[in-house]
$ cat query-v1.cif   # mmCIF, C-alpha atoms
data_protein
#
loop_
_atom_site.label_atom_id
_atom_site.label_comp_id
_atom_site.auth_asym_id
_atom_site.auth_seq_id
_atom_site.Cartn_x
_atom_site.Cartn_y
_atom_site.Cartn_z
CA MET K 19 5.76 61.84 -18.09
CA ILE K 20 5.87 60.60 -14.48
CA ARG K 21 9.64 60.21 -14.63
CA ASN K 22 10.04 63.74 -15.98
CA ARG K 23 7.92 65.16 -13.16
CA TRP K 24 10.21 63.63 -10.56
CA VAL K 25 13.30 64.85 -12.38
CA VAL K 26 11.87 68.39 -12.32
CA LEU K 27 11.12 68.07 -8.59
CA CYS K 28 14.70 66.98 -8.00
CA GLY K 29 15.88 69.92 -10.11
CA PHE K 30 13.91 72.41 -8.00
CA ILE K 31 15.25 70.84 -4.80
CA VAL K 32 18.83 70.93 -6.07
CA LEU K 33 18.42 74.56 -7.20
CA CYS K 34 17.04 75.72 -3.86
CA LEU K 35 19.58 73.80 -1.80
CA ALA K 36 22.39 75.06 -4.05
CA VAL K 37 21.31 78.66 -3.46
CA GLY K 38 21.30 77.93 0.25
CA SER K 39 24.70 76.24 0.12
CA ILE K 40 26.33 79.04 -1.84
CA ALA K 41 24.78 81.63 0.48
CA GLY K 42 26.03 79.49 3.35
CA SER K 43 29.58 79.99 2.15
CA PHE K 44 29.26 83.66 3.13
CA THR K 45 27.62 82.70 6.38
CA SER K 46 30.11 80.11 7.61
CA SER K 47 33.17 82.37 7.66
CA ALA K 48 31.20 85.30 9.06
CA VAL K 49 29.62 83.17 11.81
CA ALA K 50 33.09 82.05 12.88
CA GLN K 51 34.72 85.49 12.93
CA TRP K 52 32.45 88.52 12.53
CA TYR K 53 29.09 87.39 13.91
CA PRO K 54 30.40 86.61 17.45
CA THR K 55 31.55 90.22 17.77
CA LEU K 56 28.01 91.58 17.29
CA GLU K 57 25.65 92.58 20.05
CA LYS K 58 22.71 90.20 19.77
CA PRO K 59 19.06 90.61 20.78
CA SER K 60 17.81 88.41 23.62
CA PHE K 61 15.57 86.46 21.22
CA ASN K 62 18.38 85.52 18.83
CA PRO K 63 18.18 81.76 18.21
CA PRO K 64 21.25 79.58 18.67
CA SER K 65 23.31 79.20 15.51
CA TRP K 66 22.52 75.49 15.12
CA VAL K 67 18.82 76.31 14.48
CA PHE K 68 19.44 78.07 11.16
CA GLY K 69 20.75 75.12 9.13
CA PRO K 70 17.82 72.75 9.72
CA VAL K 71 15.24 75.53 9.39
CA TRP K 72 16.65 76.79 6.10
CA THR K 73 17.00 73.26 4.73
CA ALA K 74 13.34 72.56 5.45
CA LEU K 75 12.29 75.91 3.99
CA TYR K 76 14.30 75.39 0.80
CA ILE K 77 12.74 71.97 0.30
CA MET K 78 9.25 73.38 0.89
CA MET K 79 9.96 76.19 -1.60
CA ALA K 80 11.10 73.61 -4.16
CA VAL K 81 8.00 71.48 -3.70
CA ALA K 82 5.81 74.58 -4.02
CA ALA K 83 7.51 75.60 -7.27
CA TRP K 84 7.21 72.05 -8.58
CA ARG K 85 3.49 71.94 -7.82
CA VAL K 86 3.04 75.19 -9.75
CA TRP K 87 5.18 73.86 -12.60
CA LEU K 88 2.94 70.77 -12.77
CA ARG K 89 0.00 73.03 -13.64
CA GLY K 90 1.67 73.76 -16.98
CA ALA K 91 0.60 76.71 -19.09
CA LYS K 92 0.20 80.17 -17.62
CA THR K 93 2.52 79.56 -14.69
CA SER K 94 5.61 81.32 -16.05
CA GLY K 95 4.76 84.57 -14.22
CA ALA K 96 4.46 82.81 -10.88
CA LEU K 97 7.65 80.85 -11.49
CA GLY K 98 9.40 84.08 -12.49
CA LEU K 99 8.42 85.48 -9.09
CA PHE K 100 9.79 82.33 -7.50
CA TYR K 101 13.17 82.83 -9.17
CA LEU K 102 13.19 86.52 -8.20
CA GLN K 103 12.62 85.76 -4.52
CA LEU K 104 15.33 83.10 -4.70
CA VAL K 105 17.80 85.69 -6.02
CA LEU K 106 16.75 88.13 -3.28
CA ASN K 107 17.15 85.35 -0.72
CA PHE K 108 20.73 84.83 -1.86
CA LEU K 109 21.41 88.57 -1.97
CA TRP K 110 20.35 89.02 1.65
CA SER K 111 22.92 86.46 2.83
CA TYR K 112 25.58 88.17 0.75
CA LEU K 113 24.76 91.62 2.15
CA PHE K 114 24.40 90.58 5.78
CA PHE K 115 27.14 88.00 6.11
CA GLY K 116 29.32 88.64 3.07
CA THR K 117 29.66 92.42 3.27
CA HIS K 118 28.45 92.95 6.86
CA ALA K 119 26.08 95.66 5.59
CA LEU K 120 23.40 95.42 8.28
CA GLY K 121 21.51 98.46 6.99
CA GLY K 122 21.68 97.38 3.38
CA ALA K 123 20.55 93.88 4.34
CA LEU K 124 17.65 95.40 6.29
CA ILE K 125 16.46 97.33 3.25
CA GLU K 126 16.93 94.28 1.04
CA ILE K 127 15.05 91.92 3.38
CA VAL K 128 11.97 94.13 3.07
CA PHE K 129 12.05 93.53 -0.69
CA LEU K 130 12.65 89.83 -0.04
CA TRP K 131 9.63 89.70 2.28
CA LEU K 132 7.45 91.43 -0.30
CA SER K 133 8.62 89.09 -3.06
CA ILE K 134 7.86 86.06 -0.88
CA ALA K 135 4.38 87.37 -0.07
CA ILE K 136 3.65 88.10 -3.74
CA THR K 137 5.01 84.72 -4.80
CA ALA K 138 2.94 82.94 -2.15
CA PHE K 139 -0.18 84.72 -3.39
CA ALA K 140 0.60 83.93 -7.03
CA PHE K 141 1.24 80.29 -6.12
CA TRP K 142 -1.98 80.17 -4.06
CA LYS K 143 -3.99 81.27 -7.09
CA ILE K 144 -2.55 78.36 -9.09
CA ASP K 145 -2.31 75.69 -6.37
CA ASN K 146 -3.47 76.27 -2.79
CA THR K 147 -0.95 73.83 -1.35
CA ALA K 148 1.91 75.58 -3.14
CA GLY K 149 0.84 78.89 -1.63
CA LEU K 150 0.58 77.34 1.84
CA LEU K 151 4.05 75.84 1.50
CA PHE K 152 5.37 79.41 1.39
CA ALA K 153 3.69 80.39 4.70
CA PRO K 154 6.49 79.06 6.98
CA TYR K 155 9.06 80.78 4.75
CA LEU K 156 7.19 84.08 5.02
CA ALA K 157 6.92 83.64 8.81
CA TRP K 158 10.65 82.88 9.12
CA VAL K 159 11.66 85.86 6.99
CA SER K 160 9.31 88.03 9.07
CA PHE K 161 11.25 86.91 12.14
CA ALA K 162 14.55 87.39 10.27
CA THR K 163 13.48 90.95 9.43
CA VAL K 164 12.98 91.70 13.12
CA LEU K 165 16.34 90.09 13.87
CA ASN K 166 18.04 92.09 11.11
CA PHE K 167 16.54 95.31 12.47
CA SER K 168 17.70 94.40 15.97
CA PHE K 169 21.23 93.70 14.80
CA TRP K 170 21.29 97.00 12.90
CA TRP K 171 19.94 98.87 15.95
CA LEU K 172 22.28 97.22 18.46
CA ASN K 173 25.40 97.50 16.30
CA PRO K 174 25.54 101.01 14.81
CA GLN K 175 29.30 100.65 14.29
CA ALA K 176 28.95 97.54 12.13
#
$ encode --input "query-v1.cif" --output "structure tokens"
Amino acid sequence: MIRNRWVVLCGFIVLCLAVGSIAGSFTSSAVAQWYPTLEKPSFNPPSWVFGPVWTALYIMMAVAAWRVWLRGAKTSGALGLFYLQLVLNFLWSYLFFGTHALGGALIEIVFLWLSIAITAFAFWKIDNTAGLLFAPYLAWVSFATVLNFSFWWLNPQA
């Protein structure tokens, strides 16, 4: 049983990092070509910040999901929410960086934020630590929402 638990943890980590890596494929080309052409808000972090922050967040999300999974029965709803927010996380990167749809990404990130908040609450009810592990993610996506709005506002032509 112990071995299986660690395999599942590794699976959650690989899943989350894979989503981030695939989303990063949209980001890397856009950051090199399209992103530099945008007007940026004064509080926009340097590009090098995003990789380490997202890596840490994806690992924390994976550990949170694993802790919920460890609780066994009656966790499928919470884990379903986890997978939904992961899909929405990927979709935001695709919309913002892949299609350059700043307005569409802004609408989508609101749904992402809500799904993260709901998932954090569902996780909290099952395992307090799992819910708390989602707090930095929710805070970062709150900041990303403000950034997304600022990009949309400052770049009406984009």
$ closest_residue --input "query-v1.cif" --among "K:Ala50, K:Ala148, K:Leu56, K:Val105" --to "Ile77 of chain K" --atoms "all atoms listed in the file"
K:Ala148
$ resolve_selection --input "query-v1.cif" --expression "the PyMOL selection byres ((chain K and resi 119-126) around 9)" --output "PyMOL selection string"
chain K and resi 106+109-118+127-131+163+166-167+169-170+173-174+176
$ closest_residue --input "query-v1.cif" --among "K:Gln51, K:Ser39, K:Thr147, K:Ser168" --to "Val86 of chain K" --atoms "all atoms listed in the file"
K:Thr147
$ residues_near_point --input "query-v1.cif" --point "(2.7, 74.7, 2.4)" --cutoff "12 Å" --atoms "only C-alpha atoms" --output "MDAnalysis selection string"
chainID K and resid 74:83 85 138:139 141:142 145:157
$ atom_distance --input "query-v1.cif" --atom1 "atom CA of Arg23 of chain K" --atom2 "atom CA of Ala140 of chain K"
21.1 Å
$ atom_distance --input "query-v1.cif" --atom1 "atom CA of Pro64 of chain K" --atom2 "atom CA of Asn107 of chain K"
20.6 Å
$ atom_distance --input "query-v1.cif" --atom1 "atom CA of Ile144 of chain K" --atom2 "atom CA of Val159 of chain K"
22.7 Å
$ resolve_selection --input "query-v1.cif" --expression "the PyMOL selection byres ((chain K and resi 65) around 12)" --output "PyMOL selection string"
chain K and resi 45-46+48-50+53-54+58+62-64+66-72
$ closest_residue --input "query-v1.cif" --among "K:Ser60, K:Thr55, K:Gln175, K:Thr137" --to "Leu104 of chain K" --atoms "all atoms listed in the file"
K:Thr137
$ decode --input "query-v1.cif" --residues "segment 138-155 of chain K" --atoms "C-alpha atoms" --output "PDB file, in the first residue's frame"
ATOM      1  CA  ALA K 138      -9.953  24.547  -2.336  1.00  0.00           C
ATOM      2  CA  PHE K 139     -13.139  24.536  -0.264  1.00  0.00           C
ATOM      3  CA  ALA K 140     -13.993  20.965  -1.270  1.00  0.00           C
ATOM      4  CA  PHE K 141     -10.443  19.874  -0.445  1.00  0.00           C
ATOM      5  CA  TRP K 142     -10.564  21.745   2.883  1.00  0.00           C
ATOM      6  CA  LYS K 143     -13.660  19.797   3.897  1.00  0.00           C
ATOM      7  CA  ILE K 144     -11.798  16.530   3.278  1.00  0.00           C
ATOM      8  CA  ASP K 145      -8.280  17.501   4.402  1.00  0.00           C
ATOM      9  CA  ASN K 146      -7.433  20.931   5.821  1.00  0.00           C
ATOM     10  CA  THR K 147      -3.862  20.815   4.567  1.00  0.00           C
ATOM     11  CA  ALA K 148      -5.021  20.020   1.038  1.00  0.00           C
ATOM     12  CA  GLY K 149      -7.299  23.049   1.103  1.00  0.00           C
ATOM     13  CA  LEU K 150      -4.499  25.260   2.416  1.00  0.00           C
ATOM     14  CA  LEU K 151      -2.167  24.035  -0.320  1.00  0.00           C
ATOM     15  CA  PHE K 152      -4.533  25.687  -2.802  1.00  0.00           C
ATOM     16  CA  ALA K 153      -4.329  29.115  -1.089  1.00  0.00           C
ATOM     17  CA  PRO K 154      -1.123  30.270  -2.862  1.00  0.00           C
ATOM     18  CA  TYR K 155      -2.585  29.096  -6.179  1.00  0.00           C
TER      19      TYR K 155
END
